[in-house]
Amino acid sequence: MAYEISIFLENKIGHFERITRILKEGEINIRSMSINDTANGWGILNLLVNNPEKAYNVLEEAGVSVALKEIIALEMKDQAGGLNELLLKVAQAKVNFNNANGRIIEATKSAILILDVPDIDESKKKLIDHGIQFIDDNTIYGN
Amino acid sequence: MKKTYWEEELEGFDRENLEKLQVERLNQTLENAMRSPYYNKLFKAKGIKPGTIKSVAQIRDLPFTTKQDLRDNFPYGFLTLPKKEIIRLHSSSGTTGNPTVIFHNRHDINSWANLMARSLFCAGVRDTDVFQNISGYGLFTGGLGFQYGIERLGCLSIPAGAGNSLRQIKLMQDYGTTVAHAIPSYLGRLYEVFEQQNLDPKKDTLLHTLVIGAEPHTEEQRLRIEEMFGVKAYNSYGLSEMNGPGVAFECTYQEGLHIWEDAFIIEIVNPDTLEPVPDGEYGELVMTTLDREAMPIIRYRTRDITRIIPGECKCGRVHRRIDRIVGRSDDMFIIKGCNVFPMQIEGVLLKIPEVNTNYLINLETINGIDEMVVNVEVNKEWFTGDIRKLDLLTKQITAKIRDEVLAKPIVKLVEPGTIPQAEGKAVRVKDKRNNGLK
């Protein structure tokens with residue numbers, strides 16, 4: 001099971017920097033990120049890191065509102081139409097998602113699509129039923 | 001003969017005659033009060049006997065009444081009459097704890113309507129005016145309180161209610177409104193809507209008078225309102241425990257608010273020592289009803305800080321003047337015309353497990369409107385990283401606070417640990433408003 005970490009972040013100068021400083025001191029490597037912005041003055045920062053449990057612990061100790069969130073990681077080809085090909089399969093499996101981001105894996109010339117889905121167990125089952133493979137955790141975390 | 005006062009005798013008294021009436025009415029009030037469970041017990045315990053008061057100064061021998069006393073004896077502890085005699089109640093907002101409720105019989109409603117009519121007359125409003133009451137109707141006294149006074153005076157009344165600026169403007173234009181009553185912070189907003197419609201209230205309405213009350217405001221803010229609308233703006237003071245509006249009102253000289261001393265005995269006391277302060281010095285206003293049958297209240301601590309303006313008014317009325325309210329001796333604040341205690345907000349947050357009770361209320365003017373911004377810390381343990389849950393939580397808190405205090409807040413979730421911990425008297429409210437007036 002793969003996880004990303006979600007952080008409650010106020011839209012204020014220096015708050016994001018503070019998070020990255022804590023992670024730097026914990027020697028955590030960030031693989032990819034996304035921020036949900038809302039008009040409320042706060043957003044959710046989602047980070048894919050090399051060691052989610054450790055990242056969670058160092059942030060938690062620093063008093064940050066942080067959660068470990070299970071995600072689904074799927075492989076796609078790093079070429080034109082690669083994402084489309086994958087999303088077609090995901091759509092056929094009738095899996096909807098709240099948030100997504102991607103990253104390239106240099107070594108294999110492939111790319112990862114990371115999905116944050118409303119119901120993780122049901123979504124996984126649907127994808128498995130449609131023969132879609134998940135990427136192993138070490139590849140996701142880039143270890 | 002042209003009428004100068006609404007009631008020649010009661011307003012034109014000399015002080016000696018006024019005090020004679022006050023003593024007479026105070027004894028009557030004590031006699032009425034003895035019929036309520038609360039005062040009956042209290043007076044007996046303290047050996048207070050109606051009919052023994054010989055001078056106004058003797059009021060200092062009577063005990064104070066506080067908002068807490070009213071709440072502790074909710075709902076009927078202060079009632080002097082059987083419910084059959086009661087025809088209306090007004091009540092404070094709130095779903096937690098006991099509200100403050102005031103009952104009126106027919107005499108009380110009549111007397112209040114008369115005081116309200118007298119107040120408006122004193123500010124130059126006449127039966128030829130068209131009066132638009134931009135005020136919430138219902139339990140809030142600014143609606144019906146004004147309504148009855150406007151009708152008693154004989155104006156054409158437009159019970160417009162609060163909000164919906166476009167409709168307010170249309171009503172003004174359709175029926176040629178000459179006088180309107182609103183909270184001062186709303187008038188800034190209303191003016192903006194006039195501007196958006198390419199209308200100028202000075203040219204495009206017949207307004208000549210605005211009555212502004214229910215919210216403290218400065219002289220600068222009054223002048224700004226007068227300039228924007230091209231009117232005279234008169235300050236109105238009242239509180240639901242003393243009926244509501246119609247307690248004190250400015251006359252056309254605009255040099256303080258005449259407080260109707262035939263209906264109330266007023267004292268200004270030091271809020272710490274509760275000793276009287278000399279005229280001209282600021283202190284807490286304490287009021288005793290003199291003309292209320294269903295629910296007389298003795299020496300009520302209003303918590304409003306003001307002073308008596310020394311000297312006589314040019315208008316010749318005997319009733320002394322109080323200055324504008326400069327603050328509170330407790331932590332209540334007023335937003336969107338609603339009285340709010342920080343404890344009410346705390347009470348709401350206490351019941352929401354997702355947040356903790358560290359909060360900070362910022363009163364800010366945003367786009368010309370005074371807003372109550374409630375900053376709340378999200379509990380770390382509850383955070384799951386789901387943005388929808390947080391959006392929903394924001395909506396929930398907003399609705400619950402609105403239900404409690406009637407004013408809609410802007411709820412801002414903040415990171416845990418960013419609001420200073422409550423230590424002793426923590427500052428829970430920061431007032432950064434300019435009352436909607438730039």
# chains A, B, ... in the order shown; residues from 1 in each chain; ligands from 1
$ interface_residues --of "chain A" --to "chain B" --cutoff "10 Å" --atoms "only C-alpha atoms" --output "PyMOL selection string"
chain A and resi 4-11+15+36-38+40-46+60+63-69+98+116+118
$ residues_around --residues "region 70-84 of chain B" --least-positions-apart "2" --cutoff "7 Å" --atoms "only C-alpha atoms" --output "list in words"
Asn32, Ala33, Arg35, Ser36, Pro37, Tyr38, Thr66, Lys67, Gln68, Ile86, Asn98, Pro99, Thr100, Val101, Ala294 and Met295 of chain B
$ residues_around --residues "Ser119 (chain B)" --least-positions-apart "4" --cutoff "7 Å" --atoms "only C-alpha atoms" --output "mmCIF file with C-alpha atoms, in the first residue's frame"
data_model
loop_
_atom_site.group_PDB
_atom_site.id
_atom_site.type_symbol
_atom_site.label_atom_id
_atom_site.label_comp_id
_atom_site.auth_asym_id
_atom_site.auth_seq_id
_atom_site.Cartn_x
_atom_site.Cartn_y
_atom_site.Cartn_z
ATOM 1 C CA LEU B 115 -41.653 56.709 23.976
ATOM 2 C CA ALA B 123 -35.547 64.134 16.010
ATOM 3 C CA GLY B 246 -36.856 54.553 22.352
ATOM 4 C CA PHE B 249 -32.663 59.738 21.362
#
$ select_by_dssp --residues "chain A" --states "strand (DSSP E)" --output "ChimeraX atom specification"
/A:2-10,30-37,42-49,66-77,99-105,110-116
$ write_last_selection --atoms "N, CA and C atoms" --output "compact mmCIF listing (two decimals), in the first residue's frame"
# COMPACT_ATOMS: atom_id res chain seq x y z
N ALA A 2 0.54 2.16 -0.89
CA ALA A 2 1.34 3.38 -1.01
C ALA A 2 0.61 4.56 -0.38
N TYR A 3 1.40 5.46 0.18
CA TYR A 3 0.81 6.62 0.86
C TYR A 3 1.44 7.91 0.39
N GLU A 4 0.64 8.95 0.39
CA GLU A 4 1.23 10.28 0.32
C GLU A 4 0.90 10.98 1.64
N ILE A 5 1.54 12.09 1.90
CA ILE A 5 1.19 12.80 3.11
C ILE A 5 0.44 14.07 2.74
N SER A 6 -0.62 14.35 3.53
CA SER A 6 -1.44 15.54 3.31
C SER A 6 -1.25 16.48 4.47
N ILE A 7 -1.09 17.74 4.14
CA ILE A 7 -0.80 18.73 5.18
C ILE A 7 -1.78 19.89 5.07
N PHE A 8 -2.34 20.27 6.21
CA PHE A 8 -3.21 21.45 6.25
C PHE A 8 -2.32 22.68 6.29
N LEU A 9 -2.50 23.54 5.29
CA LEU A 9 -1.57 24.65 5.15
C LEU A 9 -2.33 25.96 4.96
N GLU A 10 -2.03 26.91 5.84
CA GLU A 10 -2.63 28.22 5.65
C GLU A 10 -1.90 28.97 4.54
N ILE A 30 11.37 14.83 -1.43
CA ILE A 30 10.04 15.00 -2.02
C ILE A 30 10.08 14.58 -3.49
N ARG A 31 9.18 13.68 -3.86
CA ARG A 31 9.16 13.18 -5.24
C ARG A 31 8.21 13.99 -6.11
N SER A 32 7.06 14.29 -5.56
CA SER A 32 6.13 15.13 -6.31
C SER A 32 5.18 15.80 -5.34
N MET A 33 4.51 16.83 -5.81
CA MET A 33 3.63 17.57 -4.90
C MET A 33 2.46 18.20 -5.64
N SER A 34 1.42 18.47 -4.88
CA SER A 34 0.33 19.28 -5.41
C SER A 34 -0.31 20.04 -4.26
N ILE A 35 -0.86 21.20 -4.57
CA ILE A 35 -1.55 21.98 -3.54
C ILE A 35 -2.97 22.27 -4.01
N ASN A 36 -3.94 21.94 -3.15
CA ASN A 36 -5.31 22.35 -3.42
C ASN A 36 -5.49 23.73 -2.80
N ASP A 37 -5.91 24.64 -3.62
CA ASP A 37 -6.16 25.98 -3.06
C ASP A 37 -7.66 26.19 -2.96
N TRP A 42 -6.84 28.74 3.11
CA TRP A 42 -6.02 27.57 3.43
C TRP A 42 -6.15 26.57 2.30
N GLY A 43 -5.23 25.63 2.26
CA GLY A 43 -5.30 24.59 1.25
C GLY A 43 -4.70 23.32 1.79
N ILE A 44 -4.70 22.27 0.96
CA ILE A 44 -4.09 21.01 1.37
C ILE A 44 -2.88 20.76 0.47
N LEU A 45 -1.77 20.52 1.14
CA LEU A 45 -0.53 20.23 0.42
C LEU A 45 -0.37 18.71 0.41
N ASN A 46 -0.31 18.13 -0.78
CA ASN A 46 -0.09 16.68 -0.90
C ASN A 46 1.33 16.44 -1.38
N LEU A 47 2.06 15.61 -0.64
CA LEU A 47 3.45 15.33 -1.00
C LEU A 47 3.66 13.84 -1.15
N LEU A 48 4.32 13.48 -2.25
CA LEU A 48 4.78 12.11 -2.39
C LEU A 48 6.27 12.15 -2.02
N VAL A 49 6.65 11.36 -1.02
CA VAL A 49 8.02 11.42 -0.52
C VAL A 49 8.65 10.03 -0.50
N VAL A 66 -1.11 16.85 9.92
CA VAL A 66 -0.66 16.01 8.79
C VAL A 66 -1.40 14.68 8.83
N ALA A 67 -1.64 14.13 7.66
CA ALA A 67 -2.30 12.83 7.59
C ALA A 67 -1.60 11.97 6.55
N LEU A 68 -1.59 10.67 6.80
CA LEU A 68 -1.11 9.73 5.79
C LEU A 68 -2.32 9.33 4.98
N LYS A 69 -2.20 9.43 3.67
CA LYS A 69 -3.36 9.14 2.84
C LYS A 69 -2.98 8.08 1.82
N GLU A 70 -3.70 6.97 1.81
CA GLU A 70 -3.37 5.91 0.86
C GLU A 70 -3.74 6.37 -0.55
N ILE A 71 -2.86 6.07 -1.47
CA ILE A 71 -3.10 6.48 -2.86
C ILE A 71 -2.94 5.28 -3.79
N ILE A 72 -3.32 5.47 -5.01
CA ILE A 72 -3.14 4.44 -6.01
C ILE A 72 -2.13 4.96 -7.04
N ALA A 73 -1.14 4.15 -7.35
CA ALA A 73 -0.14 4.59 -8.33
C ALA A 73 -0.17 3.65 -9.52
N LEU A 74 -0.33 4.22 -10.70
CA LEU A 74 -0.42 3.42 -11.91
C LEU A 74 0.68 3.84 -12.88
N GLU A 75 1.14 2.87 -13.66
CA GLU A 75 2.23 3.17 -14.60
C GLU A 75 1.66 3.56 -15.95
N MET A 76 2.33 4.49 -16.59
CA MET A 76 1.94 4.85 -17.96
C MET A 76 3.21 5.09 -18.77
N LYS A 77 3.04 5.06 -20.10
CA LYS A 77 4.20 5.28 -20.96
C LYS A 77 4.53 6.76 -21.02
N ASN A 99 -8.17 13.83 -6.90
CA ASN A 99 -6.97 14.58 -7.17
C ASN A 99 -5.98 13.64 -7.85
N ALA A 100 -5.14 14.21 -8.68
CA ALA A 100 -4.16 13.37 -9.37
C ALA A 100 -2.91 14.18 -9.62
N ASN A 101 -1.78 13.51 -9.63
CA ASN A 101 -0.57 14.15 -10.14
C ASN A 101 0.36 13.09 -10.69
N GLY A 102 1.34 13.51 -11.44
CA GLY A 102 2.18 12.52 -12.10
C GLY A 102 3.65 12.84 -11.94
N ARG A 103 4.47 11.82 -12.17
CA ARG A 103 5.90 12.09 -12.23
C ARG A 103 6.60 11.09 -13.14
N ILE A 104 7.76 11.51 -13.60
CA ILE A 104 8.54 10.69 -14.55
C ILE A 104 9.51 9.81 -13.77
N ILE A 105 9.70 8.60 -14.25
CA ILE A 105 10.77 7.79 -13.69
C ILE A 105 11.84 7.63 -14.76
N SER A 110 9.45 5.57 -17.96
CA SER A 110 7.99 5.50 -17.80
C SER A 110 7.55 6.63 -16.86
N ALA A 111 6.28 6.67 -16.62
CA ALA A 111 5.74 7.71 -15.75
C ALA A 111 4.71 7.10 -14.82
N ILE A 112 4.51 7.81 -13.68
CA ILE A 112 3.55 7.33 -12.69
C ILE A 112 2.39 8.30 -12.61
N LEU A 113 1.19 7.75 -12.58
CA LEU A 113 0.01 8.57 -12.30
C LEU A 113 -0.45 8.22 -10.89
N ILE A 114 -0.51 9.25 -10.05
CA ILE A 114 -0.91 9.03 -8.66
C ILE A 114 -2.33 9.53 -8.47
N LEU A 115 -3.18 8.64 -7.99
CA LEU A 115 -4.60 9.00 -7.84
C LEU A 115 -5.00 9.03 -6.38
N ASP A 116 -5.72 10.10 -6.04
CA ASP A 116 -6.32 10.19 -4.71
C ASP A 116 -7.81 9.95 -4.92
$ select_by_dssp --residues "region 171-320 of chain B" --states "helix (DSSP H, G or I)" --output "number ranges by chain"
B: 171-175, 184-196, 201-204, 219-229, 240-242
$ atom_distance --atom1 "CA of Asn235 (chain B)" --atom2 "CA of Arg317 (chain B)"
16.9 Å
$ residues_around --residues "Lys54 (chain B)" --least-positions-apart "3" --cutoff "9 Å" --atoms "only C-alpha atoms" --output "list in words"
Lys20, Val23, Glu24, Asn27, Gly51, Ala57 and Gln58 of chain B
$ residues_around --residues "Thr65 (chain B)" --least-positions-apart "2" --cutoff "8 Å" --atoms "only C-alpha atoms" --output "ChimeraX atom specification"
/B:63,67,69-70,297-301
$ atom_distance --atom1 "CA of Thr52 (chain B)" --atom2 "CA of Ser111 (chain B)"
25.2 Å
$ residues_around --residues "region 81-93 of chain A" --least-positions-apart "5" --cutoff "7 Å" --atoms "only C-alpha atoms" --output "list in words"
Met76, Lys126, Leu127 and His130 of chain A
$ closest_residue --among "B:Lys41, B:Lys202, B:His107, B:Arg324" --to "Gly238 (chain B)" --atoms "only C-alpha atoms"
B:Arg324
$ residues_around --residues "Asn50 (chain A)" --least-positions-apart "3" --cutoff "7 Å" --atoms "only C-alpha atoms" --output "VMD selection string"
chain A and resid 28 to 31 141 to 143
